[in-house]
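A short worksheet on the structure shown next.
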Amino acid sequence: MKKYTTRIDSNKLILSLILVIFHLRPFQHVYPNLDYFINSGISRICVPFFFFVSGYFVSYKQKENPLYIKTYNLRNIKTYLIWSVIYLPFLVLFIFQNFEYVKTFIDKLPITHTTLILFSPIIFILTILVLLFYSGVYYHLWFFPALLISINIIVKWTQKHTIQSLLIISFVLLILGASETYWGFLPFVIQNILQHYYRLFITTRNFIFFGLFYVTFGYYAQRKIKLKKNYCFLVISILLFVSELLLIKNSNRMNSNILISVLPLTYVLFTFSILTTYVPKTNIAQTYPKYIFLVHPIAIYLVSMLQLSMWPRIGFVYGLCVLLAKFMIVMESKRI
């Protein structure tokens with residue numbers, strides 16, 4: 001298992017670096033086709049892969065130790081709360097910088113300003129709950145509540161029901177979540193129904209329509225699927241992925257968070273990752289992916305203040321991500 005995790009960690013490192021480019025978007029106004037391929041394509045593999053890996057290894061650890069989930073929850077909740085506090089000033093800054101957008105969103109809510117003022121304490125508490133359990137305090141932290149809630153749903157579900165039934169339910173929810181990607185292809189009647197959801201929740205990038213399926217899929221794969229490398233399936237998965245990108249490229253879509261073709265691609269990439277004969281000699285990838293994911297918005301924000309051109313901006317962001325990650329790793333080792 002140590003051999004497997006080393007290979008998976010190496011892939012997680014690569015994907016975490018892709019996520020940095022995804023959020024930086026340096027090619028947006030220079031190479032729009034490349035930006036589309038990264039922003040709406042290859043970067044959309046990262047989070048499903050992270051979810052799948054988490055589900056897979058939680059299942060493995062839970063079979064070794066039925067009480068493992070308690071340790072897992074405590075460790076990740078602690079990490080999530082600490083980084084939520086760190087990013088709280090960035091959230092406040094974002095609200096001030098995008099006040100008109102926030103005001104427009106509030107105006108669209110089906111409540112009057114008077115009601116908003118009268119129930120402001122309750123609304124404040126609800127906002128805190130939404131930030132902690134749904135959207136995250138900052139744009140990348142939504143991953144933690146989505147992952148933790150999904151894991152705990154699986155644990156509770158499998159105490160009374162089969163993992164197969166949850167996989168089917170979560171797949172149906174994933175298809176519904178993909179409506180934001182395939183918005184332009186939906187009948188007008190369906191759009192009218194779904195608009196009520198999107199007006200309030202904005203996106204389906206959450207544990208219900210996104211995280212639950214991929215975490216369940218990973219959990220299910222560890223328990224029910226004998227992994228095999230299949231080059232034909234790999235080629236077909238890549239062709240489906242490219243075809244979907246071409247299909248939605250010029251369509252009217254809200255976002256590209258959920259691509260259906262990423263489902264088989266995630267599985268086949270994981271399979272090839274875990275069954276490859278190559279084992280990296282260094283353990284550098286063991287902790288860097290986690291901290292690069294956590295610190296990269298800070299690096300992007302700081303570098304944006306320098307007003308650099310495209311390539312220096314990319315270099316500075318990556319360099320700062322590595323330095324900040326290294327700093328966090330050193331601090332963690334000293335605490336231990």
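Lettering and numbering for the structure tokens are positional, with chains as A, B, ... in the shown order, residues counted from 1 in each chain, and ligands counted from 1 in the shown order.
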Segment 27-37 of chain A surroundings by only C-alpha atoms, 9 Å radius, close-in-sequence under 4 positions cut, as number ranges by chain: A: 22, 41-43, 245, 249, 310
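Contact shell of Ile298 of chain A at 10 Å (only C-alpha atoms; same-chain neighbours under 3 positions omitted): Ile86, Tyr87, Phe90, Leu294, Val295, Tyr301, Leu302, Val303, Ser304, Val317, Leu320, Cys321 and Leu324 of chain A.
A straight line drawn from atom CA of Ser170 of chain A to atom CA of Phe209 of chain A is 7.3 Å long.
The space between atom CA of Tyr72 of chain A and atom CA of Phe201 of chain A spans 28.2 Å.
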Per residue of segment 166-206 of chain A within 12 Å of segment 262-266 of chain A, what are the shortest atom pair and its distance in Å to one decimal, counting only C-alpha atoms, with rows by chain and residue number, as a tab-separated table?
```
residue	atom	partner	partner_atom	distance
A:Phe171	CA	A:Leu263	CA	9.9
A:Leu174	CA	A:Leu263	CA	10.1
A:Ile175	CA	A:Leu263	CA	11.0
A:Ala178	CA	A:Val262	CA	11.4
```
Using only C-alpha atoms, tabulate the residues of segment 30-85 of chain A lying at most 8 Å from any atom of segment 219-226 of chain A, each with its closest atom pair and that distance in Å to one decimal, by chain and increasing residue number, as JSON lines.
```
{"residue": "A:Phe52", "atom": "CA", "partner": "A:Tyr219", "partner_atom": "CA", "distance": 7.5}
{"residue": "A:Gly55", "atom": "CA", "partner": "A:Tyr219", "partner_atom": "CA", "distance": 4.4}
{"residue": "A:Tyr56", "atom": "CA", "partner": "A:Tyr219", "partner_atom": "CA", "distance": 4.5}
{"residue": "A:Phe57", "atom": "CA", "partner": "A:Tyr219", "partner_atom": "CA", "distance": 7.5}
{"residue": "A:Val58", "atom": "CA", "partner": "A:Tyr219", "partner_atom": "CA", "distance": 7.2}
{"residue": "A:Ser59", "atom": "CA", "partner": "A:Tyr219", "partner_atom": "CA", "distance": 5.3}
{"residue": "A:Tyr60", "atom": "CA", "partner": "A:Gln222", "partner_atom": "CA", "distance": 6.8}
```
As a PyMOL selection string, please: all residues of segment 58-274 of chain A that backbone DSSP puts in alpha helix (DSSP H). chain A and resi 58-64+68-97+99-108+113-118+120-130+143-157+163-177+188-201+212-224+231-248+262-274
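If you count only C-alpha atoms and ignore residues fewer than 5 places along the chain from Tyr288 of chain A, what sits within 8 Å of it is Leu13, Val322, Ala325, Lys326 and Ile329 of chain A.
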Skipping near chain neighbours, those fewer than 4 positions away, what residues fall within 10 Å of segment 180-193 of chain A using only C-alpha atoms, listed as a PyMOL selection string? chain A and resi 40+175-176+197-198+202-205+247-248+250-260
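Among A:Met331, A:Val172, A:Ile292, A:Leu93, the residue with the shortest atom-to-atom distance to His140 of chain A, counting only C-alpha atoms, is A:Ile292.
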If you count only C-alpha atoms, the residue of A:Leu212, A:Leu269, A:Leu148, A:Ile154 closest to Asn230 of chain A turns out to be A:Leu269
Residues within 9 Å of Leu227 of chain A, only C-alpha atoms, excluding chain neighbours under 6 positions, as a PDB file with all heavy atoms, in the first residue's frame:
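Final output, saved to part09.pdb:
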```pdb
ATOM      1  N   ALA A 221     -15.120   1.193  -5.593  1.00  0.00           N
ATOM      2  CA  ALA A 221     -14.047   0.562  -6.383  1.00  0.00           C
ATOM      3  C   ALA A 221     -13.111  -0.239  -5.494  1.00  0.00           C
ATOM      4  O   ALA A 221     -12.664  -1.329  -5.861  1.00  0.00           O
ATOM      5  CB  ALA A 221     -13.267   1.636  -7.151  1.00  0.00           C
ATOM      6  N   THR A 271      -6.593   3.773 -12.037  1.00  0.00           N
ATOM      7  CA  THR A 271      -6.152   2.390 -12.266  1.00  0.00           C
ATOM      8  C   THR A 271      -4.716   2.338 -12.776  1.00  0.00           C
ATOM      9  O   THR A 271      -3.892   1.572 -12.271  1.00  0.00           O
ATOM     10  CB  THR A 271      -7.084   1.691 -13.277  1.00  0.00           C
ATOM     11  OG1 THR A 271      -8.420   1.724 -12.780  1.00  0.00           O
ATOM     12  CG2 THR A 271      -6.665   0.246 -13.485  1.00  0.00           C
ATOM     13  N   PHE A 272      -4.412   3.169 -13.763  1.00  0.00           N
ATOM     14  CA  PHE A 272      -3.056   3.186 -14.309  1.00  0.00           C
ATOM     15  C   PHE A 272      -2.060   3.730 -13.286  1.00  0.00           C
ATOM     16  O   PHE A 272      -0.901   3.321 -13.264  1.00  0.00           O
ATOM     17  CB  PHE A 272      -3.004   4.020 -15.600  1.00  0.00           C
ATOM     18  CG  PHE A 272      -3.328   3.224 -16.828  1.00  0.00           C
ATOM     19  CD1 PHE A 272      -4.636   2.873 -17.118  1.00  0.00           C
ATOM     20  CD2 PHE A 272      -2.333   2.804 -17.688  1.00  0.00           C
ATOM     21  CE1 PHE A 272      -4.950   2.121 -18.243  1.00  0.00           C
ATOM     22  CE2 PHE A 272      -2.624   2.053 -18.816  1.00  0.00           C
ATOM     23  CZ  PHE A 272      -3.940   1.709 -19.099  1.00  0.00           C
ATOM     24  N   ILE A 274      -2.235   3.391  -9.958  1.00  0.00           N
ATOM     25  CA  ILE A 274      -1.993   2.458  -8.859  1.00  0.00           C
ATOM     26  C   ILE A 274      -1.343   1.155  -9.330  1.00  0.00           C
ATOM     27  O   ILE A 274      -0.696   0.453  -8.545  1.00  0.00           O
ATOM     28  CB  ILE A 274      -3.317   2.170  -8.109  1.00  0.00           C
ATOM     29  CG1 ILE A 274      -3.030   1.789  -6.660  1.00  0.00           C
ATOM     30  CG2 ILE A 274      -4.158   1.121  -8.804  1.00  0.00           C
ATOM     31  CD1 ILE A 274      -4.233   1.794  -5.760  1.00  0.00           C
ATOM     32  N   LEU A 275      -1.493   0.827 -10.619  1.00  0.00           N
ATOM     33  CA  LEU A 275      -0.953  -0.432 -11.118  1.00  0.00           C
ATOM     34  C   LEU A 275       0.333  -0.281 -11.924  1.00  0.00           C
ATOM     35  O   LEU A 275       0.884  -1.279 -12.381  1.00  0.00           O
ATOM     36  CB  LEU A 275      -2.003  -1.149 -11.989  1.00  0.00           C
ATOM     37  CG  LEU A 275      -3.283  -1.592 -11.272  1.00  0.00           C
ATOM     38  CD1 LEU A 275      -4.205  -2.299 -12.244  1.00  0.00           C
ATOM     39  CD2 LEU A 275      -2.964  -2.499 -10.097  1.00  0.00           C
TER      40      LEU A 275
END
```
Name all residues at most 9 Å from Phe144 of chain A (count only C-alpha atoms; drop same-chain ones fewer than 5 positions away) and give them as a list in words. Asn76, Ile77, Thr79, Tyr80, Phe133, Gly136 and Ile149 of chain A
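The space between atom CA of Phe207 of chain A and atom CA of Ser150 of chain A spans 6.1 Å.
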